[in-house]
Structures are given as structure tokens and as C-alpha cells.
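Colleague: This structure is in C-alpha cells; I'll ask about it shortly.
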Amino acid sequence: MKRIAVFTSGGDAPGMNAAIRAVVRCAWANGLEVIGIRRGYQGMIEGDFVPLGPRDVANTLQRGGTILLTARSKEFMLPEGRAKAAENLKKAGIDGVIAIGGNGTYAGAAKLMVEHQIPVVGAPGTIDNDLYGTDYTIGFDTAVNTALEAIDRIRDTAASHSRVFFIEVMGRHAGFIALEVGIAGGAEVIVIPEIPTDARACAQIINKSAEKGKRSSIVVVAEGGYDGGAEQLARDVQQYSGFEGRVTVLGHIQRGGSPTAKDRVLASRLGAACVEALLGGASGVAIGEVKGEICFTSFAEAIEKRKEVDRKKYQLAAVLSL
């Protein structure tokens with residue numbers, strides 16, 4: 001193996017640049033050339049390749065987003081698109097590929113490997129933390145801390161005006177961010193997709209909190225945790241509680257910003273491990289960290305298996321909100 005490629009795909013996540021940096025520098029330390037593929041699978045189809053050396057990734061460790069850019073490619077979903085991408089990789093003399101992204105990125109990488117016999121390994125880059133085979137994904141810790149800072153500020157206003165605030169965080173299919181932020185932010189109610197929430201029950205909790213002397217309440221809602229999101233939940237709860245809620249949707253602010261130390265270290269470890277995996281002959285695997293150790297999970301398993309939220313944490317949040 002003489003030349004490898006690296007790309008980012010899907011939603012950006014803080015720490016992706018730290019992973020790219022680790023790939024480039026670890027590869028060069030092992031005598032490998034590195035090609036960066038810009039704009040994910042679409043750039044692979046269009047041959048948007050750029051050589052990367054150790055100096056090209058200098059001062060990127062602290063930057064959010066991705067220096068290689070990202071895009072969603074409908075063309076790559078077709079066999080013809082993947083064939084074109086594979087042809088470009090082979091023409092460029094690329095012997096192995098490192099994919100940094102989420103579930104969709106892994107699915108594309110698996111097809112590229114099976115259909116065109118190109119060695120591919122993946123690193124989990126998504127703020128949602130919903131990938132099987134790793135305790136934490138790159139970007140999750142930063143997203144949680146970003147959301148938490150916003151919630152701390154909102155709580156000040158909620159307390160000052162004796163109001164109920166419904167705060168929507170990212171998590172269309174998974175409640176990892178909402179659960180973590182809800183506990184850290186002292187939320188009275190946490191709403192996540194994995195555990196159905198009834199507006200009447202939510203209203204009862206808010207009413208009981210008021211009866212106990214609480215002047216304000218915080219409800220953290222994962223965007224996929226309630227049909228209609230935080231806006232609809234606030235309207236439904238008002239019917240049963242009498243409290244007029246205020247809604248804040250944090251949105252894409254959670255994706256941006258400088259990665260935390262935890263995300264930088266995790267991304268650096270996983271990026272380096274991807275290079276070592278390719279050098280060791282691995283392919284078709286997602287590289288993750290479980291209980292502090294680097295581990296390999298097949299793309300098929302990482303894609304098909306569902307990562308479950310810690311329901312004990314959910315129960316703890318209810319106890320701590322008394």
C-alpha cells in the first residue's frame with residue numbers, strides 16, 4: 001500500500017478535521033501518500049482530489065466543520081455513480097480509502113468495497129452518537145457542550161420570568177444528545193425518540209414541579225422525540241398544564257464550533273487507527289472506541305445494529321428532577 005485517500009461525508013461534526021489531520025500525519029509517518037477527496041462521494045465521482053501533506057493539515061485541529069467539505073450525493077446511490085467513483089480512485093492509484101461520517105457514509109463505503117474490491121475503513125463522525133460499535137462518535141461531546149451552554153443561559157431567563165421552556169436539540173432518530181444534555185442541564189423532562197412521551201404526563205410533571213415551589217421548568221426535546229417537535233409539544237402541554245411555554249430550537253448551532261478536548265483526542269486516535277487498519281490489511285470495518293479500547297466492527301453490523309440509549313440514565317434524570 002503506497003497511497004490512501006480520506007474523505008468526510010454526511011453532516012459535518014466537530015473533530016472531523018482532527019481525524020483528517022491524524023490520518024495524514026500517521027500515513028506520512030508510515031511512508032504513505034495521502035489524497036484528500038473533497039465533497040464526499042460527489043467529489044469522488046467528479047475526481048475532486050487534492051494531495052495532503054503534514055503541513056496541509058497544520059492548524060486544523062481546533063477548527064470545526066471539515067476542511068475537505070461534505071455533500072450528499074444522489075448519484076453515488078446508483079451503481080453507475082459508484083462505478084465512476086471507483087474508476088477515479090483506481091486511476092489516481094489509491095490503494096485504500098478512509099471514510100469519516102455516519103450511517104449513510106458507512107453504507108456507501110460498504111457498497112464501494114463489495115462492488116469494486118476497494119479496501120475501505122470508516123471512522124464514526126456524527127454528532128448524534130447513534131453508530132453501533134463505538135461508545136462515542138466524533139463530534140458528540142462538542143455538540144452536547146454547545147447545547148448545554150445554551151440551556152444554561154435559557155435557564156437563567158426561565159427562572160427570572162417563572163416560565164417553562166421547551167428546548168429542541170438535534171436527534172431525529174436517536175436521543176443521545178437530549179439525554180446527555182437533559183441530565184447535565186437539570187431538565188425536568190427529557191423527550192427522546194426511544195421512549196414515547198405523552199403530553200398529559202409531561203404537563204403533570206410540570207404542574208407537580210410548580211406545586212413543589214419550582215418557579216420554572218426546562219423540557220429538553222430531541223427533534224424526533226415528539227410528533228411536531230418542541231413547538232407541538234409546547235402547545236399540547238399548555239392544554240393540560242395551563243402554562244404557556246416558550247420554545248427554542250437550537251438547530252445547526254450544535255454542529256459548529258471548535259471541538260472539545262475529548263473530541264480532538266477521540267478523532268486523533270480513530271484517524272490513526274484507520275491508517276493502521278489499512279496497513280494491517282483490514283477492510284469493510286468501522287473503527288470505534290469501546291471502554292477506552294480501539295475496536296473493529298464490520299460495516300454490515302455497524303449499519304444494521306441499533307445503538308441503544310442508556311435507560312438507566314433516563315430513569316436517573318427523572319429522579320434528579322424532583
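Quick note on naming: the chains in the C-alpha cells go A, B, ... in the order shown, residues restart at 1 in each chain, and ligands are numbered from 1 in order of appearance.
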Extract, using only C-alpha atoms, all DNA, RNA and protein residues at most 6 Å from Ile45 in chain A, discarding same-chain residues fewer than 2 positions from it, and format them as a VMD selection string.
Modeller: chain A and resid 42 to 43 47 84 to 85
Colleague: Excluding range 120-131 of chain A and any residue of its chain fewer than 5 positions from it, enumerate the residues within 6 Å of it, using only C-alpha atoms, and give them as a list of chain:residue names.
Modeller: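 That gives A:Ala13, A:Gly96, A:Val97, A:Ile98, A:Ala99, A:Ile100, A:Gly101, A:Gly102, A:Tyr136, A:Thr137, A:Ile138, A:Gly139, A:Phe140, A:Ser283, A:Gly284, A:Val285, A:Ala286, A:Ile287, A:Lys307.
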Colleague: Convert the current residue selection to file output with N, CA and C atoms, as a PDB file, in the first residue's frame.
Modeller:
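Writing done, so here's result.pdb:
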ATOM      1  N   ALA A  13     -19.218  17.368  11.580  1.00  0.00           N
ATOM      2  CA  ALA A  13     -19.150  17.178  13.029  1.00  0.00           C
ATOM      3  C   ALA A  13     -17.830  17.729  13.543  1.00  0.00           C
ATOM      4  N   GLY A  96      -6.307   2.364  -0.841  1.00  0.00           N
ATOM      5  CA  GLY A  96      -7.231   2.197   0.278  1.00  0.00           C
ATOM      6  C   GLY A  96      -7.893   3.516   0.607  1.00  0.00           C
ATOM      7  N   VAL A  97      -9.066   3.459   1.211  1.00  0.00           N
ATOM      8  CA  VAL A  97      -9.852   4.667   1.477  1.00  0.00           C
ATOM      9  C   VAL A  97     -10.304   4.693   2.937  1.00  0.00           C
ATOM     10  N   ILE A  98     -10.263   5.892   3.519  1.00  0.00           N
ATOM     11  CA  ILE A  98     -10.778   6.097   4.878  1.00  0.00           C
ATOM     12  C   ILE A  98     -11.985   7.029   4.791  1.00  0.00           C
ATOM     13  N   ALA A  99     -13.132   6.537   5.245  1.00  0.00           N
ATOM     14  CA  ALA A  99     -14.386   7.290   5.209  1.00  0.00           C
ATOM     15  C   ALA A  99     -14.734   7.773   6.610  1.00  0.00           C
ATOM     16  N   ILE A 100     -14.953   9.072   6.745  1.00  0.00           N
ATOM     17  CA  ILE A 100     -15.318   9.648   8.046  1.00  0.00           C
ATOM     18  C   ILE A 100     -16.742  10.178   7.953  1.00  0.00           C
ATOM     19  N   GLY A 101     -17.653   9.583   8.693  1.00  0.00           N
ATOM     20  CA  GLY A 101     -19.044  10.009   8.614  1.00  0.00           C
ATOM     21  C   GLY A 101     -19.952   9.111   9.425  1.00  0.00           C
ATOM     22  N   GLY A 102     -21.240   9.134   9.065  1.00  0.00           N
ATOM     23  CA  GLY A 102     -22.231   8.379   9.814  1.00  0.00           C
ATOM     24  C   GLY A 102     -22.729   7.151   9.096  1.00  0.00           C
ATOM     25  N   TYR A 136     -18.575   6.445  21.758  1.00  0.00           N
ATOM     26  CA  TYR A 136     -18.802   7.839  21.388  1.00  0.00           C
ATOM     27  C   TYR A 136     -18.380   8.071  19.944  1.00  0.00           C
ATOM     28  N   THR A 137     -19.107   8.942  19.261  1.00  0.00           N
ATOM     29  CA  THR A 137     -18.760   9.318  17.903  1.00  0.00           C
ATOM     30  C   THR A 137     -18.086  10.692  17.913  1.00  0.00           C
ATOM     31  N   ILE A 138     -17.302  10.944  16.888  1.00  0.00           N
ATOM     32  CA  ILE A 138     -16.615  12.226  16.763  1.00  0.00           C
ATOM     33  C   ILE A 138     -17.654  13.342  16.618  1.00  0.00           C
ATOM     34  N   GLY A 139     -17.579  14.335  17.484  1.00  0.00           N
ATOM     35  CA  GLY A 139     -18.490  15.475  17.434  1.00  0.00           C
ATOM     36  C   GLY A 139     -19.572  15.476  18.491  1.00  0.00           C
ATOM     37  N   PHE A 140     -19.849  14.322  19.072  1.00  0.00           N
ATOM     38  CA  PHE A 140     -20.929  14.224  20.048  1.00  0.00           C
ATOM     39  C   PHE A 140     -20.657  15.077  21.288  1.00  0.00           C
ATOM     40  N   SER A 283     -10.363  -4.258   5.928  1.00  0.00           N
ATOM     41  CA  SER A 283     -11.271  -3.597   5.007  1.00  0.00           C
ATOM     42  C   SER A 283     -12.696  -3.920   5.414  1.00  0.00           C
ATOM     43  N   GLY A 284     -13.612  -3.010   5.100  1.00  0.00           N
ATOM     44  CA  GLY A 284     -15.015  -3.242   5.416  1.00  0.00           C
ATOM     45  C   GLY A 284     -15.334  -3.157   6.886  1.00  0.00           C
ATOM     46  N   VAL A 285     -14.541  -2.375   7.634  1.00  0.00           N
ATOM     47  CA  VAL A 285     -14.766  -2.269   9.075  1.00  0.00           C
ATOM     48  C   VAL A 285     -14.855  -0.816   9.509  1.00  0.00           C
ATOM     49  N   ALA A 286     -15.646  -0.580  10.548  1.00  0.00           N
ATOM     50  CA  ALA A 286     -15.735   0.718  11.194  1.00  0.00           C
ATOM     51  C   ALA A 286     -14.843   0.674  12.429  1.00  0.00           C
ATOM     52  N   ILE A 287     -14.034   1.707  12.580  1.00  0.00           N
ATOM     53  CA  ILE A 287     -13.116   1.774  13.718  1.00  0.00           C
ATOM     54  C   ILE A 287     -13.777   2.590  14.824  1.00  0.00           C
ATOM     55  N   LYS A 307     -27.867   1.151  18.128  1.00  0.00           N
ATOM     56  CA  LYS A 307     -27.219   1.518  19.383  1.00  0.00           C
ATOM     57  C   LYS A 307     -28.280   2.069  20.326  1.00  0.00           C
TER      58      LYS A 307
END
Colleague: For range 243-254 of chain A, please output as a ChimeraX atom specification all residues within 6 Å (counting only C-alpha atoms; exclusion window: fewer than 6 positions along the same chain).
Modeller: /A:143,146,164-169,234
Colleague: Might you pull out every residue within 9 Å of range 148-150 of chain A, with only C-alpha atoms counted and same-chain residues fewer than 5 positions away left off, and present them as a PyMOL selection string?
Modeller: chain A and resi 143+155+181-182+184-185+250
Colleague: Would you mind listing what lies within 10 Å of Asp310 in chain A as a list in words, with only C-alpha atoms counted and same-chain residues fewer than 3 positions away left out?
Modeller: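 So the residues in contact are Gly175, Phe176, Leu179, Glu180, Lys307, Lys313, Tyr314 and Gln315 of chain A.
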Colleague: So which one's closest to Ala19 in chain A, A:Ala147, A:Leu61, A:Val220, A:Ile177? Using only C-alpha atoms, please.
Modeller: A:Leu61
Colleague: Enumerate, as a PyMOL selection string, the complete set of residues in range 53-284 of chain A that a backbone-based DSSP assignment places in strand (DSSP E or B).
Modeller: chain A and resi 96-101+120-125+138+164-169+189-192+195+217-222+246-249
Colleague: Using only C-alpha atoms, which of the listed residues (A:Arg172, A:Ile37, A:Ala71, A:Gly64) sits closest to Asn88 in chain A?
Modeller: A:Ile37
Colleague: Taking only C-alpha atoms into account, which of A:Arg82, A:Arg163, A:Lys262, A:Lys111 comes nearest Ala210 in chain A?
Modeller: A:Arg163
Colleague: Which is closer to Ala261 in chain A than all the others in A:Glu223, A:Glu194, A:Asp141, A:Glu231, using only C-alpha atoms?
Modeller: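 Counting only C-alpha atoms, the residue closest to Ala261 in chain A is A:Asp141.
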Colleague: To test your reading of the structure, identify every residue in range 91-241 of chain A that backbone DSSP assigns to alpha helix (DSSP H), and report it as a PyMOL selection string.
Modeller: chain A and resi 91+103-116+140-161+176-184+199-211+229-241
Colleague: For a quick check of understanding, using only C-alpha atoms, which of A:Ala318, A:Val219, A:Ala302, A:Ile206 has the smallest distance to Ile151 in chain A?
Modeller: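 Residue with the minimum atom-to-atom distance to Ile151 in chain A: A:Val219.
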Colleague: Rank A:Ile183, A:Met44, A:Val309, A:Leu69 by their smallest atom-to-atom distance to Asn17 in chain A, using only C-alpha atoms, and report the top residue only.
Modeller: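 Of A:Ile183, A:Met44, A:Val309, A:Leu69, the one nearest Asn17 in chain A, counting only C-alpha atoms, is A:Leu69.
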Colleague: With a distance cut-off of 10 Å and only C-alpha atoms, select the neighbouring residues of Arg55 in chain A, excluding the residue or stretch itself and same-chain residues fewer than 2 positions from it, and output the selection as a ChimeraX atom specification.
Modeller: /A:21,24-25,52-53,57-59
Colleague: Using N, CA and C atoms, can you export the residues from the last selection as an mmCIF file, in the first residue's frame?
Modeller:
data_model
loop_
_atom_site.group_PDB
_atom_site.id
_atom_site.type_symbol
_atom_site.label_atom_id
_atom_site.label_comp_id
_atom_site.auth_asym_id
_atom_site.auth_seq_id
_atom_site.Cartn_x
_atom_site.Cartn_y
_atom_site.Cartn_z
ATOM 1 N N ARG A 21 -6.387 15.218 10.071
ATOM 2 C CA ARG A 21 -5.000 15.522 10.444
ATOM 3 C C ARG A 21 -4.271 14.268 10.903
ATOM 4 N N VAL A 24 -3.520 11.943 7.913
ATOM 5 C CA VAL A 24 -2.418 12.435 7.076
ATOM 6 C C VAL A 24 -1.071 12.233 7.754
ATOM 7 N N ARG A 25 -0.964 12.612 8.984
ATOM 8 C CA ARG A 25 0.342 12.552 9.648
ATOM 9 C C ARG A 25 0.747 11.128 10.001
ATOM 10 N N LEU A 52 -2.499 15.711 0.146
ATOM 11 C CA LEU A 52 -2.391 16.254 1.502
ATOM 12 C C LEU A 52 -1.086 15.823 2.145
ATOM 13 N N GLY A 53 -0.360 16.814 2.652
ATOM 14 C CA GLY A 53 0.858 16.534 3.400
ATOM 15 C C GLY A 53 0.732 17.044 4.817
ATOM 16 N N VAL A 57 -2.349 20.104 6.817
ATOM 17 C CA VAL A 57 -3.317 19.929 7.906
ATOM 18 C C VAL A 57 -2.890 20.656 9.174
ATOM 19 N N ALA A 58 -1.884 21.533 9.051
ATOM 20 C CA ALA A 58 -1.445 22.320 10.212
ATOM 21 C C ALA A 58 -2.549 23.291 10.623
ATOM 22 N N ASN A 59 -2.679 23.520 11.911
ATOM 23 C CA ASN A 59 -3.659 24.455 12.464
ATOM 24 C C ASN A 59 -5.104 24.110 12.087
#
